[in-house]
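Engineer: So that you have it, the file is input-v8.txt, and it contains compact mmCIF, C-alpha atoms:
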# COMPACT_ATOMS: atom_id res chain seq x y z
CA MET A 1477 -13.64 -12.94 26.55
CA THR A 1478 -12.82 -9.68 28.36
CA PRO A 1479 -12.38 -6.46 26.35
CA GLN A 1480 -8.71 -6.33 27.41
CA LEU A 1481 -8.04 -9.80 26.03
CA SER A 1482 -10.03 -9.05 22.87
CA GLN A 1483 -7.96 -5.95 22.28
CA TYR A 1484 -4.71 -7.84 22.92
CA LEU A 1485 -5.59 -10.53 20.37
CA ASP A 1486 -7.00 -7.98 17.93
CA ASN A 1487 -3.71 -6.05 18.04
CA ILE A 1488 -1.74 -9.19 17.22
CA ARG A 1489 -4.21 -10.06 14.45
CA HIS A 1490 -3.83 -6.64 12.81
CA LYS A 1491 -0.06 -6.46 13.11
CA ALA A 1492 0.68 -10.05 12.03
CA LYS A 1493 -1.31 -9.63 8.77
CA LEU A 1494 -1.87 -13.31 8.08
CA GLU A 1495 -4.24 -15.03 5.69
CA GLY A 1496 -7.60 -16.00 7.22
CA ALA A 1497 -7.00 -19.70 8.00
CA ASP A 1498 -3.50 -19.23 9.48
CA GLU A 1499 -4.67 -16.24 11.49
CA SER A 1500 -7.55 -18.18 12.97
CA VAL A 1501 -5.27 -21.06 14.10
CA ILE A 1502 -2.64 -18.94 15.81
CA ILE A 1503 -5.11 -16.55 17.46
CA SER A 1504 -7.13 -19.50 18.81
CA GLU A 1505 -3.94 -21.04 20.21
CA LEU A 1506 -2.94 -17.80 21.91
CA GLU A 1507 -6.44 -17.45 23.33
CA ALA A 1508 -6.39 -21.02 24.69
CA HIS A 1509 -2.95 -20.41 26.22
CA ILE A 1510 -4.08 -17.21 27.92
CA GLU A 1511 -7.21 -18.89 29.29
CA ASP A 1512 -5.12 -21.74 30.76
CA LYS A 1513 -2.71 -19.25 32.29
CA LEU A 1514 -5.52 -17.08 33.72
CA GLN A 1515 -7.09 -20.13 35.31
CA GLU A 1516 -3.79 -21.07 36.94
CA LEU A 1517 -3.16 -17.54 38.21
CA THR A 1518 -6.65 -17.08 39.66
CA ASP A 1519 -6.38 -20.53 41.30
CA SER A 1520 -3.18 -19.32 42.95
CA GLY A 1521 -5.11 -16.48 44.59
CA LEU A 1522 -4.80 -13.50 42.23
CA SER A 1523 -7.80 -11.35 41.44
CA PRO A 1524 -9.05 -11.53 37.80
CA GLU A 1525 -7.54 -8.07 37.08
CA GLU A 1526 -4.17 -8.98 38.60
CA ALA A 1527 -4.20 -12.32 36.78
CA MET A 1528 -4.89 -10.61 33.45
CA GLN A 1529 -2.13 -8.07 33.97
CA THR A 1530 0.42 -10.73 34.98
CA CYS A 1531 -0.64 -13.05 32.18
CA LEU A 1532 -0.40 -10.48 29.37
CA GLY A 1533 2.93 -9.28 30.76
CA GLU A 1534 4.34 -12.82 30.61
CA MET A 1535 2.92 -13.41 27.14
CA GLY A 1536 4.95 -10.50 25.71
CA SER A 1537 4.14 -7.37 23.74
CA THR A 1538 1.73 -7.64 20.84
CA ARG A 1539 4.33 -5.96 18.60
CA LEU A 1540 6.98 -8.62 19.39
CA ILE A 1541 4.61 -11.57 18.95
CA ALA A 1542 3.08 -10.16 15.75
CA ARG A 1543 6.50 -9.44 14.24
CA GLN A 1544 7.65 -13.00 14.91
CA ILE A 1545 4.41 -14.43 13.52
CA TYR A 1546 4.81 -12.27 10.39
CA GLU A 1547 8.38 -13.48 9.92
CA ALA A 1548 7.34 -17.11 10.43
CA TYR A 1549 4.82 -16.84 7.61
CA SER A 1550 6.15 -14.15 5.28
CA GLN A 1551 8.79 -16.02 3.32
CA GLY A 1552 7.28 -17.43 0.12
CA THR A 1553 8.33 -20.63 -1.61
CA TRP A 1554 10.27 -20.65 -4.89
CA LYS A 1555 7.02 -21.59 -6.63
CA GLN A 1556 5.48 -18.38 -5.26
CA VAL A 1557 8.56 -16.44 -6.41
CA LEU A 1558 8.03 -17.77 -9.93
CA LEU A 1559 4.30 -17.00 -9.90
CA ALA A 1560 4.71 -13.49 -8.46
CA SER A 1561 7.44 -12.38 -10.86
CA MET A 1562 5.78 -13.95 -13.93
CA PRO A 1563 3.57 -10.98 -14.97
CA HIS A 1564 6.58 -8.62 -14.96
CA VAL A 1565 8.60 -11.15 -16.98
CA LEU A 1566 5.71 -11.53 -19.48
CA PHE A 1567 5.45 -7.75 -19.90
CA GLY A 1568 9.22 -7.51 -20.21
CA LEU A 1569 9.27 -10.23 -22.88
CA LEU A 1570 6.56 -8.38 -24.84
CA PHE A 1571 9.11 -5.63 -25.44
CA VAL A 1572 12.44 -7.46 -25.36
CA LEU A 1573 11.23 -9.96 -28.01
CA ASN A 1574 9.12 -7.35 -29.83
CA TRP A 1575 5.91 -9.34 -29.29
CA TRP A 1576 4.06 -6.07 -28.74
CA HIS A 1577 3.86 -5.73 -32.56
CA TYR A 1578 1.51 -8.73 -32.73
CA PRO A 1579 -2.05 -8.27 -31.39
CA GLY A 1580 -2.25 -12.06 -30.89
CA TRP A 1581 0.57 -12.02 -28.32
CA LEU A 1582 -0.85 -8.95 -26.61
CA PHE A 1583 -4.22 -10.68 -26.36
CA ILE A 1584 -2.65 -13.90 -24.99
CA VAL A 1585 -0.63 -12.02 -22.35
CA LEU A 1586 -3.62 -9.92 -21.25
CA MET A 1587 -5.89 -13.00 -21.09
CA ALA A 1588 -3.24 -14.91 -19.09
CA ILE A 1589 -3.03 -11.99 -16.66
CA PHE A 1590 -6.80 -11.70 -16.34
CA ALA A 1591 -7.34 -15.46 -15.90
CA THR A 1592 -4.51 -15.83 -13.34
CA THR A 1593 -5.75 -12.83 -11.37
CA VAL A 1594 -9.30 -14.20 -11.19
CA TYR A 1595 -7.97 -17.66 -10.24
CA GLY A 1596 -5.75 -16.23 -7.45
CA TRP A 1597 -8.47 -13.89 -6.19
CA TRP A 1598 -10.95 -16.74 -5.74
CA ARG A 1599 -8.30 -19.02 -4.23
CA GLY A 1600 -7.91 -16.82 -1.14
CA LYS A 1601 -5.68 -14.00 -2.51
CA PRO A 1602 -2.22 -15.54 -1.97
CA THR A 1603 0.74 -13.15 -1.96
CA TRP A 1604 1.66 -13.84 -5.60
CA VAL A 1605 -1.72 -12.65 -6.92
CA PHE A 1606 -1.07 -8.96 -6.16
CA SER A 1607 1.57 -8.46 -8.84
CA TRP A 1608 -0.88 -9.94 -11.38
CA LEU A 1609 -3.65 -7.74 -10.05
CA GLY A 1610 -1.64 -4.60 -10.88
CA TYR A 1611 -1.39 -5.59 -14.55
CA SER A 1612 -5.08 -6.46 -14.73
CA LEU A 1613 -5.63 -2.69 -14.38
CA VAL A 1614 -3.82 -2.13 -17.71
CA PRO A 1615 -6.95 -2.89 -19.82
CA VAL A 1616 -8.85 -0.26 -17.77
CA LEU A 1617 -6.13 2.31 -18.57
CA SER A 1618 -6.15 1.21 -22.23
CA VAL A 1619 -9.91 1.81 -22.49
CA GLY A 1620 -9.33 5.35 -21.19
CA LEU A 1621 -6.68 5.92 -23.84
CA LEU A 1622 -8.90 4.54 -26.60
CA LEU A 1623 -11.66 6.96 -25.59
CA LEU A 1624 -9.33 9.81 -26.61
CA TYR A 1625 -9.61 8.57 -30.22
CA LEU A 1626 -13.39 8.82 -30.39
CA PRO A 1627 -14.84 11.70 -32.45
CA ARG A 1628 -14.59 14.92 -30.42
CA GLY A 1629 -18.20 15.07 -29.19
CA TRP A 1630 -18.23 11.39 -28.21
CA SER A 1631 -15.01 11.77 -26.22
CA LEU A 1632 -16.55 14.60 -24.21
CA LEU A 1633 -19.56 12.40 -23.49
CA ALA A 1634 -17.63 9.22 -22.69
CA LEU A 1635 -14.81 10.56 -20.51
CA PRO A 1636 -17.04 11.95 -17.70
CA VAL A 1637 -18.60 8.48 -17.47
CA TYR A 1638 -15.30 6.62 -17.75
CA PHE A 1639 -13.31 8.54 -15.11
CA PRO A 1640 -15.68 8.05 -12.14
CA LEU A 1641 -16.18 4.38 -13.07
CA ALA A 1642 -12.44 3.72 -13.46
CA LEU A 1643 -11.64 5.52 -10.20
CA TRP A 1644 -14.42 3.66 -8.38
CA TRP A 1645 -13.06 0.34 -9.67
CA LEU A 1646 -9.49 1.28 -8.72
CA PHE A 1647 -10.54 2.45 -5.25
CA ARG A 1648 -12.49 -0.77 -4.63
CA ILE A 1649 -9.47 -2.91 -5.53
CA ILE A 1650 -7.09 -0.78 -3.43
CA ARG A 1651 -9.46 -0.85 -0.45
CA HIS A 1652 -9.87 -4.62 -0.72
CA THR A 1653 -6.11 -5.15 -0.96
CA SER A 1654 -5.31 -2.72 1.87
CA ARG A 1655 -7.65 -4.60 4.20
CA ARG A 1656 -5.33 -7.59 3.85
CA ASP A 1657 -2.02 -5.65 4.05
CA TRP A 1658 -1.10 -2.24 2.66
CA ILE A 1659 2.26 -3.54 1.46
CA PHE A 1660 0.44 -5.65 -1.15
CA THR A 1661 -1.26 -2.51 -2.46
CA SER A 1662 2.17 -0.92 -2.95
CA LEU A 1663 3.36 -4.13 -4.59
CA MET A 1664 0.35 -4.08 -6.91
CA LEU A 1665 0.79 -0.41 -7.88
CA LEU A 1666 4.59 -0.53 -8.21
CA PRO A 1667 4.60 -0.72 -12.06
CA LEU A 1668 2.27 2.30 -12.31
CA PRO A 1669 4.93 5.09 -12.16
CA ILE A 1670 7.15 3.08 -14.54
CA ILE A 1671 4.32 2.68 -17.07
CA ILE A 1672 3.43 6.39 -16.77
CA GLY A 1673 7.12 7.28 -17.24
CA TRP A 1674 7.43 5.25 -20.45
CA PHE A 1675 4.09 6.55 -21.71
CA LEU A 1676 5.23 10.16 -21.22
CA ALA A 1677 8.51 9.35 -22.96
CA ILE A 1678 6.81 8.02 -26.11
CA SER A 1679 3.91 10.44 -26.24
CA SER A 1680 4.16 14.12 -25.47
CA ASN A 1681 0.48 15.08 -26.00
CA GLY A 1682 -1.17 12.05 -24.38
CA LYS A 1683 -1.95 10.38 -27.71
CA LEU A 1684 -0.28 7.47 -29.46
CA THR A 1685 0.79 8.44 -33.00
CA GLU A 1686 2.90 6.78 -35.68
CA TYR A 1687 5.90 8.56 -34.16
CA SER A 1688 5.06 7.13 -30.72
CA LEU A 1689 5.16 3.61 -32.15
CA GLN A 1690 8.61 4.33 -33.58
CA ARG A 1691 9.68 5.53 -30.13
CA ILE A 1692 8.39 2.29 -28.54
CA ASP A 1693 10.50 0.36 -31.07
CA TYR A 1694 13.51 2.44 -30.11
CA PHE A 1695 12.97 2.11 -26.35
CA ALA A 1696 11.70 -1.52 -26.41
CA PRO A 1697 14.86 -3.18 -24.93
CA TRP A 1698 14.97 -0.64 -22.09
CA ILE A 1699 11.24 -0.93 -21.43
CA GLY A 1700 11.76 -4.70 -21.24
CA ILE A 1701 14.70 -4.31 -18.86
CA SER A 1702 12.70 -2.03 -16.54
CA PHE A 1703 9.98 -4.70 -16.25
CA MET A 1704 12.63 -7.37 -15.67
CA ALA A 1705 14.00 -5.18 -12.84
CA LEU A 1706 10.51 -5.21 -11.32
CA ALA A 1707 10.43 -9.02 -11.66
CA LEU A 1708 13.72 -9.23 -9.75
CA THR A 1709 12.35 -6.89 -7.07
CA ILE A 1710 9.24 -9.00 -6.59
CA ALA A 1711 11.27 -12.23 -6.48
CA THR A 1712 13.44 -10.76 -3.71
CA PHE A 1713 10.37 -9.37 -1.92
CA ILE A 1714 8.74 -12.81 -1.75
CA ARG A 1715 11.87 -14.41 -0.23
CA LEU A 1716 12.44 -11.72 2.42
CA ARG A 1717 11.08 -12.34 5.92
CA GLN A 1718 11.50 -8.94 7.60
CA ARG A 1719 8.84 -6.39 6.90
CA TRP A 1720 11.15 -3.34 7.09
CA LEU A 1721 13.44 -4.94 4.51
CA ARG A 1722 10.49 -5.51 2.19
CA ILE A 1723 9.40 -1.86 2.47
CA GLY A 1724 12.97 -0.67 1.90
CA LEU A 1725 13.27 -2.90 -1.14
CA LEU A 1726 10.08 -1.53 -2.75
CA ALA A 1727 11.15 2.09 -2.12
CA THR A 1728 14.71 1.64 -3.37
CA SER A 1729 13.83 -0.48 -6.36
CA GLY A 1730 10.97 1.83 -7.43
CA CYS A 1731 13.19 4.93 -7.37
CA LEU A 1732 16.10 3.15 -9.08
CA THR A 1733 13.89 1.82 -11.88
CA LEU A 1734 12.42 5.30 -12.41
CA THR A 1735 15.94 6.72 -12.61
CA LEU A 1736 16.74 4.08 -15.24
CA VAL A 1737 13.63 5.10 -17.22
CA VAL A 1738 14.68 8.77 -17.17
CA HIS A 1739 18.26 7.83 -18.07
CA TYR A 1740 17.29 5.68 -21.05
CA THR A 1741 14.77 8.15 -22.43
CA THR A 1742 17.75 10.43 -23.14
CA GLY A 1743 16.25 13.83 -22.45
CA ARG A 1744 12.61 13.11 -23.32
CA LEU A 1745 11.67 13.39 -19.64
CA ASN A 1746 12.75 16.61 -17.94
CA THR A 1747 13.66 17.08 -14.28
CA LEU A 1748 10.18 18.31 -13.39
CA THR A 1749 8.59 15.17 -14.90
CA PHE A 1750 11.11 13.00 -13.07
CA LEU A 1751 10.25 14.71 -9.77
CA GLY A 1752 6.55 14.24 -10.56
CA LEU A 1753 7.14 10.52 -11.17
CA ILE A 1754 9.10 10.22 -7.92
CA LEU A 1755 6.12 11.83 -6.17
CA VAL A 1756 3.79 9.25 -7.76
CA MET A 1757 6.17 6.52 -6.59
CA TRP A 1758 6.15 7.84 -3.02
CA GLY A 1759 2.35 8.09 -3.28
CA VAL A 1760 2.29 4.40 -4.20
CA LEU A 1761 4.31 3.67 -1.05
CA LEU A 1762 2.73 6.12 1.40
CA VAL A 1763 -0.97 6.26 0.52
CA PRO A 1764 -1.69 2.52 1.13
CA PRO A 1765 -0.49 2.55 4.80
CA LEU A 1766 -2.55 5.68 5.46
CA LEU A 1767 -5.57 4.06 3.84
CA GLU A 1768 -5.06 0.89 5.88
CA ARG A 1769 -4.83 2.94 9.07
CA TYR A 1770 -8.06 4.70 8.12
CA LEU A 1771 -9.85 1.41 7.36
CA ARG A 1772 -8.53 -0.19 10.56
CA GLY A 1773 -9.55 2.84 12.61
CA GLY A 1774 -13.10 2.42 11.37
CA ARG A 1775 -13.12 -1.27 12.23
CA LEU A 1776 -11.70 -0.70 15.71
CA PHE A 1777 -14.30 1.98 16.28
CA LEU A 1778 -17.05 -0.53 15.49
CA TRP A 1779 -15.39 -3.14 17.70
CA LYS A 1780 -15.22 -0.74 20.65
CA HIS A 1781 -18.93 -0.07 20.33
CA LYS A 1782 -19.72 -3.77 20.08
CA ASP A 1783 -17.91 -4.64 23.33
CA THR A 1784 -18.90 -1.60 25.37
CA PRO A 1785 -21.42 -2.68 28.03
CA ALA A 1786 -24.81 -1.09 27.59
CA THR A 1787 -25.35 1.83 29.95
CA THR A 1788 -28.65 3.21 31.04
CA MET B 312 27.22 -12.52 30.18
CA VAL B 313 24.92 -13.85 27.45
CA PRO B 314 21.25 -13.30 28.36
CA LYS B 315 19.27 -16.52 28.77
CA ARG B 316 16.82 -15.38 26.12
CA ASP B 317 19.57 -15.26 23.50
CA LEU B 318 20.74 -18.74 24.45
CA LEU B 319 17.21 -19.97 23.96
CA LYS B 320 16.88 -18.19 20.61
CA GLY B 321 19.86 -20.00 19.17
CA SER B 322 18.65 -23.42 20.22
CA SER B 323 14.87 -23.07 20.31
CA SER B 324 14.26 -25.51 17.42
CA TYR B 325 16.36 -28.21 19.05
CA LEU B 326 14.72 -27.72 22.46
CA LEU B 327 11.20 -27.81 21.02
CA LEU B 328 11.90 -30.90 18.90
CA SER B 329 13.44 -32.63 21.94
CA LEU B 330 10.41 -31.86 24.09
CA LEU B 331 7.99 -33.16 21.45
CA GLU B 332 9.99 -36.36 20.97
CA ARG B 333 8.55 -37.94 24.12
CA GLN B 334 4.91 -37.11 23.55
CA PRO B 335 2.63 -34.76 21.59
CA MET B 336 2.09 -31.51 23.53
CA TYR B 337 0.15 -28.26 23.27
CA GLY B 338 1.66 -24.78 23.70
CA TYR B 339 0.93 -24.17 27.37
CA GLN B 340 2.11 -27.67 28.24
CA ILE B 341 5.37 -27.05 26.34
CA VAL B 342 6.03 -23.88 28.38
CA LYS B 343 5.42 -25.71 31.68
CA GLU B 344 7.54 -28.68 30.61
CA LEU B 345 10.41 -26.48 29.42
CA THR B 346 10.41 -24.50 32.68
CA ALA B 347 10.22 -27.65 34.81
CA ARG B 348 12.90 -29.61 32.96
CA SER B 349 15.33 -26.67 32.83
CA GLN B 350 14.53 -25.91 36.52
CA GLY B 351 13.47 -22.40 35.52
CA TYR B 352 16.70 -21.63 33.63
CA PHE B 353 15.02 -20.77 30.34
CA LYS B 354 12.78 -17.72 30.64
CA PHE B 355 11.09 -16.25 27.60
CA LYS B 356 7.95 -14.39 26.62
CA GLU B 357 5.37 -17.14 26.32
CA GLY B 358 3.61 -15.66 23.31
CA THR B 359 6.77 -16.03 21.24
CA LEU B 360 6.49 -19.82 21.52
CA TYR B 361 3.75 -19.90 18.88
CA PRO B 362 5.71 -18.21 16.06
CA ALA B 363 8.51 -20.73 16.77
CA LEU B 364 6.07 -23.66 16.66
CA HIS B 365 4.47 -22.42 13.43
CA ARG B 366 7.89 -21.92 11.83
CA LEU B 367 8.74 -25.55 12.61
CA GLU B 368 5.37 -26.65 11.30
CA ARG B 369 5.86 -24.75 8.04
CA SER B 370 9.25 -26.44 7.66
CA GLY B 371 7.48 -29.80 7.98
CA LEU B 372 9.34 -30.76 11.20
CA ILE B 373 6.24 -30.90 13.40
CA SER B 374 2.53 -31.17 12.79
CA GLY B 375 -0.33 -29.71 14.82
CA GLN B 376 -3.81 -31.12 15.33
CA TRP B 377 -6.77 -29.71 17.23
CA GLN B 378 -8.26 -31.96 19.89
CA MET B 379 -11.51 -31.41 21.74
CA LEU B 380 -11.30 -31.78 25.52
CA PRO B 381 -14.17 -33.22 27.63
CA ASN B 382 -14.88 -29.68 28.95
CA GLY B 383 -15.53 -28.48 25.38
CA ARG B 384 -12.31 -26.50 25.02
CA GLN B 385 -9.90 -27.13 22.15
CA ARG B 386 -6.16 -27.53 22.23
CA ARG B 387 -3.68 -27.89 19.40
CA TYR B 388 -1.31 -30.79 20.01
CA TYR B 389 2.01 -30.87 18.18
CA HIS B 390 3.91 -34.01 17.30
CA LEU B 391 7.14 -34.74 15.48
CA THR B 392 7.01 -35.72 11.81
CA GLU B 393 9.48 -38.15 10.21
CA LYS B 394 11.40 -35.17 8.88
CA GLY B 395 11.44 -33.71 12.39
CA GLU B 396 12.79 -36.95 13.85
CA ALA B 397 15.62 -36.97 11.31
CA LYS B 398 16.39 -33.30 12.02
CA LEU B 399 16.39 -33.95 15.77
CA ALA B 400 18.82 -36.87 15.38
CA LEU B 401 21.14 -34.65 13.35
CA GLU B 402 20.94 -31.72 15.78
CA ARG B 403 21.47 -34.04 18.77
CA THR B 404 24.71 -35.35 17.25
CA GLN B 405 25.89 -31.80 16.55
CA TRP B 406 25.05 -30.64 20.09
CA GLN B 407 26.77 -33.65 21.67
CA ASP B 408 29.93 -33.01 19.61
CA PHE B 409 29.77 -29.34 20.62
CA LEU B 410 29.32 -30.13 24.32
CA THR B 411 32.16 -32.66 24.26
CA ALA B 412 34.44 -30.05 22.72
CA VAL B 413 33.41 -27.40 25.26
CA LYS B 414 33.99 -29.83 28.16
CA LEU B 415 37.45 -30.66 26.84
CA ILE B 416 38.32 -26.97 26.87
CA LEU B 417 36.74 -26.14 30.23
CA GLN B 418 37.96 -29.10 32.28
CA PRO B 419 41.33 -28.53 33.96
CA GLY B 420 44.12 -30.25 32.06
CA PRO B 421 46.77 -32.48 33.67
CA SER B 422 49.34 -30.36 35.56
CA GLY B 423 52.58 -29.71 33.72
CA SER B 424 51.15 -30.38 30.26
Here is the file; what I need is its structure written in the form of structure tokens.

Structural biologist:
Amino acid sequence: MTPQLSQYLDNIRHKAKLEGADESVIISELEAHIEDKLQELTDSGLSPEEAMQTCLGEMGSTRLIARQIYEAYSQGTWKQVLLASMPHVLFGLLFVLNWWHYPGWLFIVLMAIFATTVYGWWRGKPTWVFSWLGYSLVPVLSVGLLLLYLPRGWSLLALPVYFPLALWWLFRIIRHTSRRDWIFTSLMLLPLPIIIGWFLAISSNGKLTEYSLQRIDYFAPWIGISFMALALTIATFIRLRQRWLRIGLLATSGCLTLTLVVHYTTGRLNTLTFLGLILVMWGVLLVPPLLERYLRGGRLFLWKHKDTPATT
Amino acid sequence: MVPKRDLLKGSSSYLLLSLLERQPMYGYQIVKELTARSQGYFKFKEGTLYPALHRLERSGLISGQWQMLPNGRQRRYYHLTEKGEAKLALERTQWQDFLTAVKLILQPGPSGS
């Protein structure tokens, strides 16, 4: 395969963002088609360079082909809609039905999230697994919070160990997800600003007190509704084909849900906090594509070196 | 005037199902057959054929299978499924009704009527 053809197919591969097996089938078909076409063109008297140029021109731009491939594969089934929105619904129900009072329910929900995430991860990371993956980070956050309750000296010892480990774990997951498609990283992190918003609303000094629990009781229906709004967002996301519509949906829904959080907390979150949360939300949407570009740049760099003929 | 590409876009499923009705074909063969049978009328970017084929496959209307050629190369042949045959029959009836209606409008009517 010539470097030009490799680059053409590589561009389609990166832009189409398919799962491994589907990607392999369609790229192999395109490659076979191009080889047939090149053979025909060179048989008709064109030089290999002219044949390649004509062939790739008649195939179409990588952007056009990749967009159509993405749209052919992006729409999820109703089963996937149900699976993807389920963790948000479960979290919403915890608050709407006041299950959060019972450690048994909390344990069951967290175990269900953990088990489903592991199952999806090992089954090839289908689209629905990323919304579960976001909630599987909740226990990591909870451990951090619990460390604040250790005796003073122990907290000072534990937190410097916890923070690098938690950040390393988070970075690994984000990097892994971004390699597949940055939009799934945004999907995974979407509840983060909402959770931070509610946490700030119930706890002003970063600790959960008796008063904070009373505040959760007070806000529970609205907390539940905000998670249900996320469930609706994810359900719509899975059914949409066009990528730009999906990105627009995540941005709009994230900002609207945050506005709802600020509205329902009736003055407990000030304008500055709201702006901070909006910044976090935009970070959730903007950092993953930058990270993906960085990771892809590194991979392309390696590819270029691999295919460059050795010079003496 | 409507560009040929747009005409093809609106009827690509029907055209592809019709082509695959006669015999299983692979992508490059489909392009050649479509160009030959339409006498070069339908022009489109060849790479966009594959998203269309995969969309039909995901809908269960066609099915693709890799076959090894004697020269060691592989090709993916597509054939109609039962669901695809039923869909084709339905689309054919709709197209024939449409064409009949268009002909009735376009053909000159009897003078004085």

Engineer: Using all atoms listed in the file, what does the table of chain B residues within 9 Å of chain A look like, with each row giving the shortest atom pair and its distance in Å to one decimal, sorted by chain and ascending number, as JSON lines?

Structural biologist:
{"residue": "B:Tyr337", "atom": "CA", "partner": "A:Glu1505", "partner_atom": "CA", "distance": 8.8}
{"residue": "B:Gly338", "atom": "CA", "partner": "A:His1509", "partner_atom": "CA", "distance": 6.8}
{"residue": "B:Tyr339", "atom": "CA", "partner": "A:His1509", "partner_atom": "CA", "distance": 5.5}
{"residue": "B:Phe355", "atom": "CA", "partner": "A:Glu1534", "partner_atom": "CA", "distance": 8.1}
{"residue": "B:Lys356", "atom": "CA", "partner": "A:Gly1536", "partner_atom": "CA", "distance": 5.0}
{"residue": "B:Glu357", "atom": "CA", "partner": "A:Met1535", "partner_atom": "CA", "distance": 4.5}
{"residue": "B:Gly358", "atom": "CA", "partner": "A:Met1535", "partner_atom": "CA", "distance": 4.5}
{"residue": "B:Thr359", "atom": "CA", "partner": "A:Ile1541", "partner_atom": "CA", "distance": 5.5}
{"residue": "B:Leu360", "atom": "CA", "partner": "A:Ile1541", "partner_atom": "CA", "distance": 8.8}
{"residue": "B:Tyr361", "atom": "CA", "partner": "A:Ile1502", "partner_atom": "CA", "distance": 7.2}
{"residue": "B:Pro362", "atom": "CA", "partner": "A:Ile1545", "partner_atom": "CA", "distance": 4.7}
{"residue": "B:Ala363", "atom": "CA", "partner": "A:Ala1548", "partner_atom": "CA", "distance": 7.4}
{"residue": "B:His365", "atom": "CA", "partner": "A:Ala1548", "partner_atom": "CA", "distance": 6.7}
{"residue": "B:Arg366", "atom": "CA", "partner": "A:Ala1548", "partner_atom": "CA", "distance": 5.0}
{"residue": "B:Leu367", "atom": "CA", "partner": "A:Ala1548", "partner_atom": "CA", "distance": 8.8}
{"residue": "B:Arg369", "atom": "CA", "partner": "A:Tyr1549", "partner_atom": "CA", "distance": 8.0}
{"residue": "B:Arg384", "atom": "CA", "partner": "A:Ala1508", "partner_atom": "CA", "distance": 8.1}
{"residue": "B:Gln385", "atom": "CA", "partner": "A:Ala1508", "partner_atom": "CA", "distance": 7.5}
{"residue": "B:Arg386", "atom": "CA", "partner": "A:Ala1508", "partner_atom": "CA", "distance": 7.0}
{"residue": "B:Arg387", "atom": "CA", "partner": "A:Glu1505", "partner_atom": "CA", "distance": 6.9}

Engineer: Between CA of Leu1621 in chain A and CA of Leu1706 in chain A, what is the distance, to one decimal in Å?

Structural biologist: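 Separation between CA of Leu1621 in chain A and CA of Leu1706 in chain A: 24.0 Å.
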
Engineer: Please identify all polymer residues within 7 Å of range 1602-1619 of chain A, counting only C-alpha atoms, omitting same-chain residues fewer than 4 positions from it, and present them as a VMD selection string.

Structural biologist: chain A and resid 1556 1559 to 1560 1563 1589 to 1590 1593 1596 to 1597 1623 1642 1660 1663 to 1665

Engineer: Just the number, please: distance in Å from CA of Pro1479 in chain A to CA of Ile1659 in chain A, one decimal.

Structural biologist: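 Straight-line distance from CA of Pro1479 in chain A to CA of Ile1659 in chain A works out to 29.0 Å.
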
Engineer: What lies within 12 Å of Glu402 in chain B using only C-alpha atoms, ignoring chain neighbours under 3 positions off, as a ChimeraX atom specification?

Structural biologist: /B:322-329,395-399,405-409

Engineer: For each of A:Leu1736, A:Leu1582, A:Leu1643, A:Met1757, take the minimum atom-to-atom distance to Leu1569 in chain A, counting only C-alpha atoms, then give the residue where this is smallest.

Structural biologist: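 Answer, going by the shortest atom-to-atom distance: A:Leu1582.
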
Engineer: Report, in Å to a single decimal, how far apart CA of Lys1493 in chain A and CA of Leu1767 in chain A are.

Structural biologist: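 Result for CA of Leu1767 in chain A versus CA of Lys1493 in chain A: 15.2 Å, one decimal.
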
Engineer: Around the point (9.1, 9.3, -28.8), in the coordinates given by the file, pick out the residues reaching within 6 Å, counting all atoms listed in the file, and return them as a tab-separated table (two decimals) with C-alpha atoms, keeping the file's coordinate frame.

Structural biologist:
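File written: part.tsv
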chain	number	residue	atom	x	y	z
A	1677	ALA	CA	8.51	9.35	-22.96
A	1678	ILE	CA	6.81	8.02	-26.11
A	1679	SER	CA	3.91	10.44	-26.24
A	1688	SER	CA	5.06	7.13	-30.72
A	1691	ARG	CA	9.68	5.53	-30.13

Engineer: Residues near Tyr389 in chain B, anyone? I mean within 7 Å using all atoms listed in the file, not counting same-chain ones fewer than 5 positions away, as a short mmCIF file (atom, residue, chain, number, x, y, z; two decimals) with C-alpha atoms, in the frame of the given file.

Structural biologist:
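Printed below is selection-v1.cif as written:
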data_model
loop_
_atom_site.label_atom_id
_atom_site.label_comp_id
_atom_site.auth_asym_id
_atom_site.auth_seq_id
_atom_site.Cartn_x
_atom_site.Cartn_y
_atom_site.Cartn_z
CA PRO B 335 2.63 -34.76 21.59
CA MET B 336 2.09 -31.51 23.53
CA TYR B 337 0.15 -28.26 23.27
CA ILE B 373 6.24 -30.90 13.40
CA SER B 374 2.53 -31.17 12.79
CA GLY B 375 -0.33 -29.71 14.82
CA GLN B 376 -3.81 -31.12 15.33
#

Engineer: From the options A:Lys1683, A:Pro1524, A:Met1562, A:Glu1516, which residue's atoms come nearest to Leu1626 in chain A, counting all atoms listed in the file?

Structural biologist: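 Closest to Leu1626 in chain A of all the choices is A:Lys1683.
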
Engineer: Show me, as a ChimeraX atom specification, the residues that have an atom within 10 Å of Ala1705 in chain A when counting all atoms listed in the file, minus same-chain residues fewer than 3 positions from it.

Structural biologist: /A:1561,1564-1565,1568,1699-1702,1708-1711,1729-1730,1732-1733,1736

Engineer: For Trp1581 in chain A, list every protein, DNA or RNA residue within 12 Å, evaluated using all atoms listed in the file, and leave out those in the same chain fewer than 5 positions away; present the list as a compact mmCIF listing (two decimals) with C-alpha atoms, in the frame of the given file.

Structural biologist:
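Result file part20.txt:
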# COMPACT_ATOMS: atom_id res chain seq x y z
CA LEU A 1566 5.71 -11.53 -19.48
CA PHE A 1567 5.45 -7.75 -19.90
CA LEU A 1569 9.27 -10.23 -22.88
CA LEU A 1570 6.56 -8.38 -24.84
CA PHE A 1571 9.11 -5.63 -25.44
CA LEU A 1573 11.23 -9.96 -28.01
CA ASN A 1574 9.12 -7.35 -29.83
CA TRP A 1575 5.91 -9.34 -29.29
CA TRP A 1576 4.06 -6.07 -28.74
CA LEU A 1586 -3.62 -9.92 -21.25
CA MET A 1587 -5.89 -13.00 -21.09
CA ALA A 1588 -3.24 -14.91 -19.09
